[in-house]
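protein_14.pdb, holding PDB, C-alpha atoms:
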```
ATOM      1  CA  MET A 113       3.231  -0.712 -23.520
ATOM      2  CA  GLY A 114       6.763  -1.630 -24.332
ATOM      3  CA  GLU A 115      10.056  -2.682 -22.781
ATOM      4  CA  ARG A 116      10.184   0.387 -20.584
ATOM      5  CA  HIS A 117       7.499  -1.215 -18.391
ATOM      6  CA  ALA A 118       8.568  -3.595 -15.626
ATOM      7  CA  ILE A 119       4.946  -4.584 -14.929
ATOM      8  CA  GLU A 120       2.054  -4.685 -17.389
ATOM      9  CA  LEU A 121      -1.422  -5.739 -16.302
ATOM     10  CA  SER A 122      -4.208  -5.976 -18.851
ATOM     11  CA  GLY A 123      -7.745  -6.722 -17.686
ATOM     12  CA  LEU A 124      -6.363  -8.842 -14.853
ATOM     13  CA  SER A 125      -9.071 -10.589 -12.833
ATOM     14  CA  LYS A 126      -9.001 -13.184 -10.090
ATOM     15  CA  ARG A 127     -12.088 -14.777  -8.573
ATOM     16  CA  TYR A 128     -12.463 -17.343  -5.826
ATOM     17  CA  GLY A 129     -15.728 -18.919  -6.864
ATOM     18  CA  PRO A 130     -18.308 -16.139  -6.467
ATOM     19  CA  VAL A 131     -15.870 -13.927  -4.531
ATOM     20  CA  VAL A 132     -14.041 -11.222  -6.479
ATOM     21  CA  GLY A 133     -10.396 -10.681  -5.600
ATOM     22  CA  ILE A 134      -9.560  -8.254  -8.429
ATOM     23  CA  GLU A 135     -11.567  -7.286 -11.485
ATOM     24  CA  SER A 136     -10.360  -5.974 -14.866
ATOM     25  CA  LEU A 137      -7.179  -4.399 -13.514
ATOM     26  CA  SER A 138      -5.073  -2.629 -16.165
ATOM     27  CA  LEU A 139      -1.883  -0.945 -15.047
ATOM     28  CA  ALA A 140       1.706  -0.253 -16.141
ATOM     29  CA  VAL A 141       4.709   0.317 -13.868
ATOM     30  CA  ASP A 142       7.773   1.890 -15.472
ATOM     31  CA  ALA A 143      11.165   0.265 -15.119
ATOM     32  CA  GLY A 144      13.232   2.027 -12.474
ATOM     33  CA  GLU A 145      10.406   3.608 -10.500
ATOM     34  CA  VAL A 146       9.187   3.073  -6.956
ATOM     35  CA  PHE A 147       5.466   2.651  -7.461
ATOM     36  CA  GLY A 148       2.861   2.540  -4.717
ATOM     37  CA  PHE A 149      -0.142   0.229  -4.675
ATOM     38  CA  LEU A 150      -2.557   1.792  -2.253
ATOM     39  CA  GLY A 151      -5.920   0.904  -0.810
ATOM     40  CA  PRO A 152      -7.759  -0.016   2.364
ATOM     41  CA  ASN A 153      -7.591  -3.522   3.741
ATOM     42  CA  GLY A 154      -9.694  -5.829   1.582
ATOM     43  CA  ALA A 155      -9.119  -3.845  -1.629
ATOM     44  CA  GLY A 156      -7.439  -6.673  -3.577
ATOM     45  CA  LYS A 157      -3.814  -5.631  -3.174
ATOM     46  CA  THR A 158      -2.518  -8.977  -1.909
ATOM     47  CA  THR A 159      -4.307 -10.899  -4.652
ATOM     48  CA  THR A 160      -2.678  -8.683  -7.284
ATOM     49  CA  LEU A 161       0.795  -9.156  -5.819
ATOM     50  CA  ARG A 162       0.362 -12.922  -5.653
ATOM     51  CA  CYS A 163      -0.545 -12.922  -9.341
ATOM     52  CA  LEU A 164       2.584 -10.900 -10.107
ATOM     53  CA  ALA A 165       4.746 -13.341  -8.135
ATOM     54  CA  GLY A 166       3.266 -16.317  -9.979
ATOM     55  CA  LEU A 167       1.596 -17.700  -6.856
ATOM     56  CA  LEU A 168      -1.909 -17.328  -8.269
ATOM     57  CA  ARG A 169      -3.166 -18.005 -11.767
ATOM     58  CA  PRO A 170      -5.477 -15.221 -13.013
ATOM     59  CA  THR A 171      -9.080 -16.033 -13.836
ATOM     60  CA  ALA A 172      -8.963 -13.642 -16.795
ATOM     61  CA  GLY A 173      -6.670 -11.066 -18.365
ATOM     62  CA  SER A 174      -2.893 -11.125 -18.316
ATOM     63  CA  ALA A 175       0.153 -10.058 -16.345
ATOM     64  CA  ARG A 176       3.640  -9.472 -17.730
ATOM     65  CA  VAL A 177       6.479  -9.051 -15.268
ATOM     66  CA  LEU A 178       9.832  -8.043 -16.772
ATOM     67  CA  GLY A 179       8.339  -9.195 -20.057
ATOM     68  CA  LEU A 180       7.549 -12.687 -18.731
ATOM     69  CA  ASP A 181       4.406 -14.554 -17.724
ATOM     70  CA  PRO A 182       4.666 -14.960 -13.919
ATOM     71  CA  VAL A 183       3.145 -18.462 -13.997
ATOM     72  CA  ALA A 184       4.400 -19.976 -17.273
ATOM     73  CA  ASP A 185       7.866 -18.391 -16.979
ATOM     74  CA  HIS A 186       8.211 -18.643 -13.192
ATOM     75  CA  ALA A 187      11.620 -20.349 -13.239
ATOM     76  CA  ARG A 188      13.088 -17.672 -15.530
ATOM     77  CA  LEU A 189      11.527 -14.866 -13.511
ATOM     78  CA  ALA A 190      12.546 -16.039 -10.022
ATOM     79  CA  PRO A 191      16.188 -14.808 -10.130
ATOM     80  CA  GLU A 192      15.032 -11.347 -11.225
ATOM     81  CA  LEU A 193      12.162 -10.978  -8.745
ATOM     82  CA  GLY A 194      12.192 -10.236  -5.023
ATOM     83  CA  TYR A 195       8.962 -10.770  -3.127
ATOM     84  CA  LEU A 196       7.972 -10.005   0.462
ATOM     85  CA  PRO A 197       4.521 -11.399   1.289
ATOM     86  CA  GLY A 198       2.200  -9.546   3.619
ATOM     87  CA  GLU A 199       1.947 -12.543   5.926
ATOM     88  CA  LEU A 200       5.493 -13.840   6.143
ATOM     89  CA  ARG A 201       5.620 -17.483   7.197
ATOM     90  CA  LEU A 202       9.026 -18.980   7.988
ATOM     91  CA  TYR A 203      10.245 -22.389   9.135
ATOM     92  CA  PRO A 204      10.639 -21.881  12.900
ATOM     93  CA  GLU A 205      13.284 -24.592  13.335
ATOM     94  CA  LEU A 206      15.677 -23.001  10.806
ATOM     95  CA  THR A 207      18.134 -20.314  11.806
ATOM     96  CA  GLY A 208      18.047 -16.932  10.112
ATOM     97  CA  ALA A 209      21.090 -17.849   8.004
ATOM     98  CA  GLN A 210      19.571 -21.188   6.984
ATOM     99  CA  THR A 211      16.372 -19.393   6.017
ATOM    100  CA  LEU A 212      18.254 -16.983   3.770
ATOM    101  CA  ASP A 213      20.203 -19.874   2.211
ATOM    102  CA  LEU A 214      17.013 -21.812   1.495
ATOM    103  CA  LEU A 215      15.244 -18.846  -0.074
ATOM    104  CA  ALA A 216      18.313 -17.967  -2.142
ATOM    105  CA  ALA A 217      18.307 -21.531  -3.487
ATOM    106  CA  LEU A 218      14.647 -21.197  -4.404
ATOM    107  CA  GLN A 219      15.434 -17.907  -6.171
ATOM    108  CA  GLN A 220      18.198 -19.738  -8.046
ATOM    109  CA  ALA A 221      20.523 -16.765  -7.696
ATOM    110  CA  PRO A 222      23.574 -15.759  -5.656
ATOM    111  CA  SER A 223      23.147 -13.314  -2.765
ATOM    112  CA  PRO A 224      25.611 -10.459  -3.334
ATOM    113  CA  ARG A 225      23.775  -7.999  -1.066
ATOM    114  CA  ARG A 226      23.137 -10.234   1.962
ATOM    115  CA  GLY A 227      25.974  -8.931   4.136
ATOM    116  CA  GLU A 228      25.246  -5.294   3.347
ATOM    117  CA  LEU A 229      21.530  -5.659   3.993
ATOM    118  CA  CYS A 230      21.953  -7.534   7.266
ATOM    119  CA  ALA A 231      24.314  -4.837   8.502
ATOM    120  CA  ARG A 232      22.021  -1.982   7.489
ATOM    121  CA  LEU A 233      18.913  -3.639   8.914
ATOM    122  CA  ASP A 234      20.715  -4.564  12.145
ATOM    123  CA  LEU A 235      20.637  -8.348  11.796
ATOM    124  CA  SER A 236      23.835  -9.499  13.479
ATOM    125  CA  GLU A 237      25.716 -12.772  12.960
ATOM    126  CA  ARG A 238      24.462 -13.819  16.369
ATOM    127  CA  ASP A 239      20.882 -13.135  15.272
ATOM    128  CA  LEU A 240      21.377 -15.177  12.117
ATOM    129  CA  ARG A 241      22.645 -18.162  14.120
ATOM    130  CA  ARG A 242      19.441 -18.239  16.194
ATOM    131  CA  PRO A 243      16.339 -20.259  15.210
ATOM    132  CA  VAL A 244      13.592 -18.151  13.703
ATOM    133  CA  LEU A 245      11.296 -19.514  16.427
ATOM    134  CA  GLY A 246      12.891 -17.031  18.834
ATOM    135  CA  TYR A 247      12.615 -14.016  16.547
ATOM    136  CA  SER A 248      10.374 -11.072  17.324
ATOM    137  CA  ARG A 249       7.927  -9.868  14.689
ATOM    138  CA  GLY A 250      10.293  -7.059  13.746
ATOM    139  CA  MET A 251      13.244  -9.419  13.317
ATOM    140  CA  LYS A 252      11.186 -11.703  11.083
ATOM    141  CA  GLN A 253      10.231  -8.716   8.960
ATOM    142  CA  LYS A 254      13.864  -7.659   8.633
ATOM    143  CA  LEU A 255      14.764 -11.189   7.561
ATOM    144  CA  GLY A 256      11.949 -11.023   5.012
ATOM    145  CA  LEU A 257      13.321  -7.792   3.582
ATOM    146  CA  VAL A 258      16.818  -9.279   3.312
ATOM    147  CA  GLN A 259      15.546 -12.341   1.429
ATOM    148  CA  ALA A 260      13.596 -10.129  -0.970
ATOM    149  CA  LEU A 261      16.626  -7.967  -1.775
ATOM    150  CA  GLN A 262      19.675 -10.185  -1.186
ATOM    151  CA  HIS A 263      19.958 -11.414  -4.788
ATOM    152  CA  ASP A 264      19.762  -7.853  -6.145
ATOM    153  CA  PRO A 265      16.630  -8.450  -8.249
ATOM    154  CA  ARG A 266      15.550  -6.113 -11.026
ATOM    155  CA  LEU A 267      12.020  -5.976  -9.594
ATOM    156  CA  VAL A 268      10.985  -6.037  -5.936
ATOM    157  CA  VAL A 269       7.354  -6.594  -4.897
ATOM    158  CA  LEU A 270       6.695  -5.672  -1.268
ATOM    159  CA  ASP A 271       3.435  -6.263   0.600
ATOM    160  CA  GLU A 272       3.131  -4.102   3.757
ATOM    161  CA  PRO A 273       6.933  -3.995   4.127
ATOM    162  CA  THR A 274       7.226  -1.869   7.294
ATOM    163  CA  GLU A 275       4.849  -3.932   9.455
ATOM    164  CA  GLY A 276       6.553  -4.549  12.802
ATOM    165  CA  LEU A 277       9.670  -2.486  12.065
ATOM    166  CA  ASP A 278      10.867   0.000  14.660
ATOM    167  CA  PRO A 279      11.276   3.650  13.549
ATOM    168  CA  LEU A 280      15.044   3.437  13.055
ATOM    169  CA  VAL A 281      14.768   0.395  10.800
ATOM    170  CA  GLN A 282      11.927   2.092   8.915
ATOM    171  CA  GLU A 283      14.336   4.932   8.129
ATOM    172  CA  THR A 284      16.790   2.402   6.668
ATOM    173  CA  PHE A 285      13.972   0.915   4.609
ATOM    174  CA  TYR A 286      13.162   4.333   3.125
ATOM    175  CA  GLU A 287      16.861   4.793   2.291
ATOM    176  CA  LEU A 288      16.839   1.486   0.421
ATOM    177  CA  MET A 289      13.774   2.569  -1.532
ATOM    178  CA  ALA A 290      15.351   5.922  -2.411
ATOM    179  CA  GLU A 291      18.452   4.143  -3.742
ATOM    180  CA  ALA A 292      16.527   1.732  -5.968
ATOM    181  CA  PRO A 293      15.919   3.862  -9.095
ATOM    182  CA  ALA A 294      19.571   4.916  -9.462
ATOM    183  CA  ALA A 295      20.552   1.248  -9.317
ATOM    184  CA  GLY A 296      18.047   0.387 -12.056
ATOM    185  CA  ARG A 297      15.700  -1.447  -9.707
ATOM    186  CA  THR A 298      11.921  -1.268  -9.847
ATOM    187  CA  VAL A 299       9.829  -1.475  -6.693
ATOM    188  CA  LEU A 300       6.119  -2.123  -6.315
ATOM    189  CA  LEU A 301       5.182  -1.241  -2.748
ATOM    190  CA  SER A 302       1.729  -2.242  -1.557
ATOM    191  CA  SER A 303       0.332  -0.678   1.587
ATOM    192  CA  HIS A 304      -2.757   0.651   3.296
ATOM    193  CA  VAL A 305      -0.631   3.295   5.057
ATOM    194  CA  LEU A 306      -0.737   6.511   3.041
ATOM    195  CA  PRO A 307       2.281   8.301   4.638
ATOM    196  CA  GLU A 308       4.452   5.260   3.884
ATOM    197  CA  VAL A 309       3.534   5.306   0.208
ATOM    198  CA  GLN A 310       3.797   9.087  -0.016
ATOM    199  CA  ARG A 311       7.315   9.055   1.352
ATOM    200  CA  ALA A 312       8.697   6.216  -0.754
ATOM    201  CA  CYS A 313       6.886   6.453  -4.093
ATOM    202  CA  GLY A 314       6.644   8.785  -7.073
ATOM    203  CA  ARG A 315       3.344   7.437  -8.413
ATOM    204  CA  VAL A 316       0.589   5.402  -6.843
ATOM    205  CA  ALA A 317      -2.365   3.337  -7.968
ATOM    206  CA  ILE A 318      -5.412   3.347  -5.713
ATOM    207  CA  VAL A 319      -7.606   0.254  -5.635
ATOM    208  CA  ARG A 320     -10.930  -0.261  -3.962
ATOM    209  CA  GLU A 321     -13.074  -3.379  -3.806
ATOM    210  CA  GLY A 322     -10.962  -5.154  -6.411
ATOM    211  CA  ARG A 323     -10.980  -2.393  -9.028
ATOM    212  CA  LEU A 324      -8.578   0.351  -9.952
ATOM    213  CA  VAL A 325      -9.838   3.767  -8.911
ATOM    214  CA  THR A 326      -7.067   5.982 -10.240
ATOM    215  CA  VAL A 327      -3.339   6.361 -10.892
ATOM    216  CA  GLU A 328      -1.782   9.568  -9.577
ATOM    217  CA  ARG A 329       1.522  11.198  -8.866
ATOM    218  CA  VAL A 330       2.106  11.473  -5.125
ATOM    219  CA  SER A 331       2.173  15.265  -5.332
ATOM    220  CA  ALA A 332      -1.350  15.272  -6.783
ATOM    221  CA  LEU A 333      -2.464  12.739  -4.209
ATOM    222  CA  ARG A 334      -1.371  14.978  -1.346
ATOM    223  CA  GLU A 335      -3.351  17.875  -2.765
ATOM    224  CA  ALA A 336      -6.464  15.710  -3.136
ATOM    225  CA  ARG A 337      -6.519  14.407   0.432
ATOM    226  CA  ALA A 338      -9.499  15.303   2.564
ATOM    227  CA  ARG A 339      -9.078  17.435   5.667
ATOM    228  CA  ARG A 340     -10.575  16.427   8.983
ATOM    229  CA  ILE A 341     -12.295  19.281  10.824
ATOM    230  CA  ARG A 342     -13.076  18.797  14.503
ATOM    231  CA  VAL A 343     -15.376  21.481  15.803
ATOM    232  CA  THR A 344     -16.665  21.868  19.369
ATOM    233  CA  LEU A 345     -19.785  23.941  19.999
ATOM    234  CA  ALA A 346     -20.909  25.667  23.172
ATOM    235  CA  PRO A 347     -23.199  23.225  25.017
ATOM    236  CA  THR A 348     -26.938  23.740  24.798
ATOM    237  CA  ALA A 349     -28.062  20.723  26.836
ATOM    238  CA  PRO A 350     -26.503  18.227  29.255
ATOM    239  CA  GLY A 351     -24.575  15.564  27.341
ATOM    240  CA  GLY A 352     -24.782  17.427  24.053
ATOM    241  CA  GLY A 353     -25.672  15.655  20.839
ATOM    242  CA  PRO A 354     -26.183  16.132  17.088
ATOM    243  CA  ARG A 355     -27.127  19.629  15.994
ATOM    244  CA  SER A 356     -27.412  21.358  12.673
ATOM    245  CA  LEU A 357     -24.198  22.755  11.231
ATOM    246  CA  GLY A 358     -26.074  24.528   8.468
ATOM    247  CA  ALA A 359     -24.508  24.146   5.052
ATOM    248  CA  ALA A 360     -21.684  22.079   6.573
ATOM    249  CA  ASP A 361     -24.158  19.245   7.209
ATOM    250  CA  ARG A 362     -23.469  18.156   3.625
ATOM    251  CA  TRP A 363     -20.178  16.672   4.892
ATOM    252  CA  ARG A 364     -22.092  14.219   7.101
ATOM    253  CA  PRO A 365     -20.679  15.163  10.516
ATOM    254  CA  ARG A 366     -20.099  12.492  13.166
ATOM    255  CA  TRP A 367     -21.034  13.663  16.650
ATOM    256  CA  GLN A 368     -19.668  12.900  20.093
ATOM    257  CA  GLY A 369     -21.283  15.101  22.696
ATOM    258  CA  ASP A 370     -20.873  18.709  21.542
ATOM    259  CA  ARG A 371     -18.000  17.872  19.176
ATOM    260  CA  ALA A 372     -18.512  17.112  15.493
ATOM    261  CA  GLU A 373     -16.004  15.646  13.033
ATOM    262  CA  LEU A 374     -16.245  16.317   9.297
ATOM    263  CA  LEU A 375     -14.201  15.167   6.299
ATOM    264  CA  VAL A 376     -13.962  17.978   3.773
ATOM    265  CA  PRO A 377     -12.277  18.075   0.338
ATOM    266  CA  PRO A 378      -9.401  20.597   0.323
ATOM    267  CA  GLY A 379     -11.114  22.826  -2.243
ATOM    268  CA  ASP A 380     -14.071  23.322   0.100
ATOM    269  CA  LEU A 381     -12.062  23.811   3.279
ATOM    270  CA  THR A 382     -12.038  27.618   3.383
ATOM    271  CA  ASP A 383     -15.762  27.999   2.733
ATOM    272  CA  THR A 384     -16.626  25.323   5.286
ATOM    273  CA  LEU A 385     -14.499  26.952   7.996
ATOM    274  CA  ARG A 386     -16.100  30.303   7.218
ATOM    275  CA  GLU A 387     -19.581  28.788   7.487
ATOM    276  CA  LEU A 388     -18.815  27.151  10.816
ATOM    277  CA  LEU A 389     -17.105  30.135  12.438
ATOM    278  CA  HIS A 390     -19.579  32.768  11.263
ATOM    279  CA  SER A 391     -22.865  31.020  12.060
ATOM    280  CA  LEU A 392     -22.244  28.756  15.070
ATOM    281  CA  PRO A 393     -21.116  29.067  18.715
ATOM    282  CA  VAL A 394     -17.701  27.477  18.102
ATOM    283  CA  THR A 395     -15.503  27.079  21.173
ATOM    284  CA  ASP A 396     -12.717  25.063  19.522
ATOM    285  CA  ILE A 397     -11.792  23.991  16.002
ATOM    286  CA  THR A 398      -8.885  22.003  14.531
ATOM    287  CA  VAL A 399      -7.950  20.940  10.994
ATOM    288  CA  GLU A 400      -5.694  18.041   9.988
ATOM    289  CA  GLU A 401      -5.187  15.601   7.138
ATOM    290  CA  ALA A 402      -7.563  12.667   7.325
ATOM    291  CA  GLY A 403      -6.419   9.053   7.385
ATOM    292  CA  LEU A 404      -6.408   6.943   4.236
ATOM    293  CA  ASP A 405      -9.431   4.753   4.879
ATOM    294  CA  GLU A 406     -11.595   7.686   5.946
ATOM    295  CA  ALA A 407     -10.367  10.260   3.464
ATOM    296  CA  PHE A 408     -10.468   8.262   0.262
ATOM    297  CA  LEU A 409     -13.570   6.251   0.999
ATOM    298  CA  ASP A 410     -15.374   9.455   1.960
ATOM    299  CA  LEU A 411     -14.144  11.493  -1.002
ATOM    300  CA  TYR A 412     -14.863   8.760  -3.551
ATOM    301  CA  ARG A 413     -18.029   7.306  -2.051
ATOM    302  CA  GLY A 414     -20.276   9.471  -4.172
ATOM    303  CA  GLY A 415     -18.316   8.957  -7.396
ATOM    304  CA  ASP A 416     -14.880   8.210  -8.693
ATOM    305  CA  PRO A 417     -12.185  10.877  -9.004
ATOM    306  CA  PRO A 418     -10.966  11.879 -12.435
ATOM    307  CA  ARG A 419      -9.371   8.972 -14.277
ATOM    308  CA  THR A 420      -5.768   9.263 -15.342
ATOM    309  CA  HIS A 421      -3.687   7.446 -17.926
ATOM    310  CA  GLY A 422      -6.821   5.819 -19.318
ATOM    311  CA  GLU A 423      -7.153   3.496 -16.340
ATOM    312  CA  GLU A 424     -10.299   1.766 -15.165
ATOM    313  CA  GLY A 425     -12.338   3.663 -12.587
ATOM    314  CA  GLU A 426     -15.452   1.642 -11.864
ATOM    315  CA  GLU A 427     -16.586   0.149  -8.613
ATOM    316  CA  GLY A 428     -17.297  -3.471  -7.941
ATOM    317  CA  GLY A 429     -16.151  -6.677  -6.333
ATOM    318  CA  ASP A 430     -15.142  -7.293  -2.792
ATOM    319  CA  GLY A 431     -12.597  -9.061  -0.679
ATOM    320  CA  GLU A 432      -8.854  -8.911  -0.323
ATOM    321  CA  GLY A 433      -8.417 -12.078  -2.262
ATOM    322  CA  GLU A 434      -7.451 -14.416   0.542
ATOM    323  CA  GLU A 435      -8.365 -17.898  -0.532
ATOM    324  CA  PRO A 436     -11.389 -19.122   1.426
TER     325      PRO A 436
END
```
Re-express the file's structure as structure tokens.
Amino acid sequence: MGERHAIELSGLSKRYGPVVGIESLSLAVDAGEVFGFLGPNGAGKTTTLRCLAGLLRPTAGSARVLGLDPVADHARLAPELGYLPGELRLYPELTGAQTLDLLAALQQAPSPRRGELCARLDLSERDLRRPVLGYSRGMKQKLGLVQALQHDPRLVVLDEPTEGLDPLVQETFYELMAEAPAAGRTVLLSSHVLPEVQRACGRVAIVREGRLVTVERVSALREARARRIRVTLAPTAPGGGPRSLGAADRWRPRWQGDRAELLVPPGDLTDTLRELLHSLPVTDITVEEAGLDEAFLDLYRGGDPPRTHGEEGEEGGDGEGEEP
């Protein structure tokens, strides 16, 4: 790992007494890339981001952010780092403009992008003169994005950045992410929403229960996603209920009446459809991509996927890392 890395984690661990937030996390994010940090709720994403922002001191291992220690070098790092927490808490009595001024002072940096960002995210001068107490959730999130980006930091760390944003503002957010690499900015985007990460990022790390599962390019991640098959069978008894699907029972179908739902790896999709259609009284069948929590937990429950880039792939730990 050298200067080309904006983030370097080596065996990073954080525990809250007996509770594991993250365990032995080793990861490198290249300078100038938009990198996704993906996992279900409770996977340890927020704990990791708080360590990167210098808000938590690791129990073991190390983190280097732009070549600096986030805790020991916090004052030097602050002007170069933008951070949007997952649970954004603001002073309700301050106006939007006062909030941005306060956070800019804490970042110890000027705010050359404030006007541009407010215009693009549809935060008007009138909005900025209002107390934050009267802001909707979406407006607070837009203000959070402006404060994270207004000082044009080299690295931006975003925790669930599109929460509460309406679709039009989400489009602007994706534009900002697409512009980042050309401007020399690095983005670490943490989310539990797979389509969000797929759209914005080139590579992603997947974490589960505090440990790194794998690092993949988004293109490979799309190919690996499970498919959800919903199959309805001709009724055999009033109310329906679980029945044998033959060889397809290996995908642990969930039943509701005469309809079963299966999560199937893409490489087994054709054979499974053939088995269902050729041997059962199918009246309806649909196939779609499964959601993140279902697809990845189901695919990886029996064993980890292939490791990439020499990263850790073991299971263990629990908890999102919220301090008890």
Near-A:Arg266 list (7 Å; all atoms listed in the file; drop same-chain fewer than 4 positions) as a JSON list (two decimals) with C-alpha atoms, in the frame of the given file:
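The new file around22.json reads:
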```
[["chain", "number", "residue", "atom", "x", "y", "z"],
["A", 192, "GLU", "CA", 15.03, -11.35, -11.22],
["A", 193, "LEU", "CA", 12.16, -10.98, -8.74],
["A", 297, "ARG", "CA", 15.70, -1.45, -9.71],
["A", 298, "THR", "CA", 11.92, -1.27, -9.85]]
```
*Could you work out how far atom CA of A:Val141 lies from atom CA of A:Gly296, giving the answer in Å with one decimal?*
13.5 Å
Expected axis-aligned box over every listed atom of stretch 314-322 of chain A, 5 Å added per side, centre plus edges in Å to one decimal, as JSON:
```
{"center_x": -3.2, "center_y": 1.8, "center_z": -6.1, "size_x": 29.7, "size_y": 23.9, "size_z": 14.6}
```
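Atom CA of A:Asp264 sits 24.3 Å away from atom CA of A:Thr159.
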*atom CA of A:Leu161 and atom CA of A:Gly256 are how many Å apart?*
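A separation of 15.7 Å between them.
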Residues at most 12 Å from A:Asp181, counting only C-alpha atoms, excluding those fewer than 4 positions away in the same chain, as a JSON list (two decimals) with C-alpha atoms, in the frame of the given file?
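Now in out_27.json:
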```json
[["chain", "number", "residue", "atom", "x", "y", "z"],
["A", 118, "ALA", "CA", 8.57, -3.60, -15.63],
["A", 119, "ILE", "CA", 4.95, -4.58, -14.93],
["A", 120, "GLU", "CA", 2.05, -4.68, -17.39],
["A", 121, "LEU", "CA", -1.42, -5.74, -16.30],
["A", 163, "CYS", "CA", -0.55, -12.92, -9.34],
["A", 164, "LEU", "CA", 2.58, -10.90, -10.11],
["A", 165, "ALA", "CA", 4.75, -13.34, -8.14],
["A", 166, "GLY", "CA", 3.27, -16.32, -9.98],
["A", 167, "LEU", "CA", 1.60, -17.70, -6.86],
["A", 168, "LEU", "CA", -1.91, -17.33, -8.27],
["A", 169, "ARG", "CA", -3.17, -18.00, -11.77],
["A", 170, "PRO", "CA", -5.48, -15.22, -13.01],
["A", 173, "GLY", "CA", -6.67, -11.07, -18.36],
["A", 174, "SER", "CA", -2.89, -11.12, -18.32],
["A", 175, "ALA", "CA", 0.15, -10.06, -16.34],
["A", 176, "ARG", "CA", 3.64, -9.47, -17.73],
["A", 177, "VAL", "CA", 6.48, -9.05, -15.27],
["A", 185, "ASP", "CA", 7.87, -18.39, -16.98],
["A", 186, "HIS", "CA", 8.21, -18.64, -13.19],
["A", 187, "ALA", "CA", 11.62, -20.35, -13.24],
["A", 188, "ARG", "CA", 13.09, -17.67, -15.53],
["A", 189, "LEU", "CA", 11.53, -14.87, -13.51],
["A", 190, "ALA", "CA", 12.55, -16.04, -10.02]]
```
*Excluding stretch 194-205 of chain A and residues on its chain fewer than 6 positions from it, collect all residues at most 9 Å away from it, counting only C-alpha atoms, and give them as a VMD selection string.*
chain A and resid 158 161 to 162 165 211 219 243 to 247 252 to 253 256 to 257 259 to 273 275 302
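Distance annotation: of A:Arg371, A:His117, A:Arg339, A:Arg315, the residue with the minimal separation from A:Pro393 is A:Arg371; atom set is all atoms listed in the file.
Residue nearest A:Gly151, chosen from A:Thr398, A:Thr344, A:Ser303, A:Thr274 and counting all atoms listed in the file: A:Ser303.
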*How would you write, as a ChimeraX atom specification, the residues chosen by the PyMOL selection byres ((chain A and resi 388) around 12) on this structure?*
/A:341-345,356-361,372,374,381-387,389-398
_Sel. within 7 Å of pt (-1.6, 0.1, -0.7), counting only C-alpha atoms, output as a PyMOL selection string_ = chain A and resi 148-152+157+302-305
*For A:Leu255, the nearest of the candidates A:Ala221, A:Leu139, A:Ala216, A:Ala209, counting all atoms listed in the file*: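 Checking each candidate against A:Leu255, we get A:Ala209 as the closest.
Here the PyMOL selection byres ((chain A and resi 352-354) around 7) matches the residues A:Pro347, A:Thr348, A:Ala349, A:Pro350, A:Gly351, A:Arg355, A:Ser356, A:Trp367, A:Gln368, A:Gly369, A:Asp370.
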*Point out the residue among A:Val399, A:Leu212, A:Met251, A:Leu233 with the least atom-to-atom distance to A:Glu287, counting all atoms listed in the file.*
A:Leu233
*Please work out which residues fall within 12 Å of (17.6, 3.3, -3.0), coordinates as given in the file, with all atoms listed in the file counting, and return them as a list of chain:residue names.*
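Neighbouring residues, ordered by chain and number, come to A:Gly144, A:Glu145, A:Val146, A:Leu261, A:Asp264, A:Val268, A:Glu283, A:Thr284, A:Phe285, A:Tyr286, A:Glu287, A:Leu288, A:Met289, A:Ala290, A:Glu291, A:Ala292, A:Pro293, A:Ala294, A:Ala295, A:Gly296, A:Arg297, A:Thr298, A:Val299, A:Ala312, A:Cys313.
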*Go through A:Arg242, A:Arg323, A:Arg226, A:Arg329 one by one, measure the shortest atom-to-atom distance of each to A:Gly208 using only C-alpha atoms, and give the residue with the smallest value.*
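Residue with the minimum atom-to-atom distance to A:Gly208: A:Arg242.
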*the PyMOL selection byres ((chain A and resi 326) around 6) on the file shown: which residues, as a PyMOL selection string?*
chain A and resi 317-318+324-325+327+419
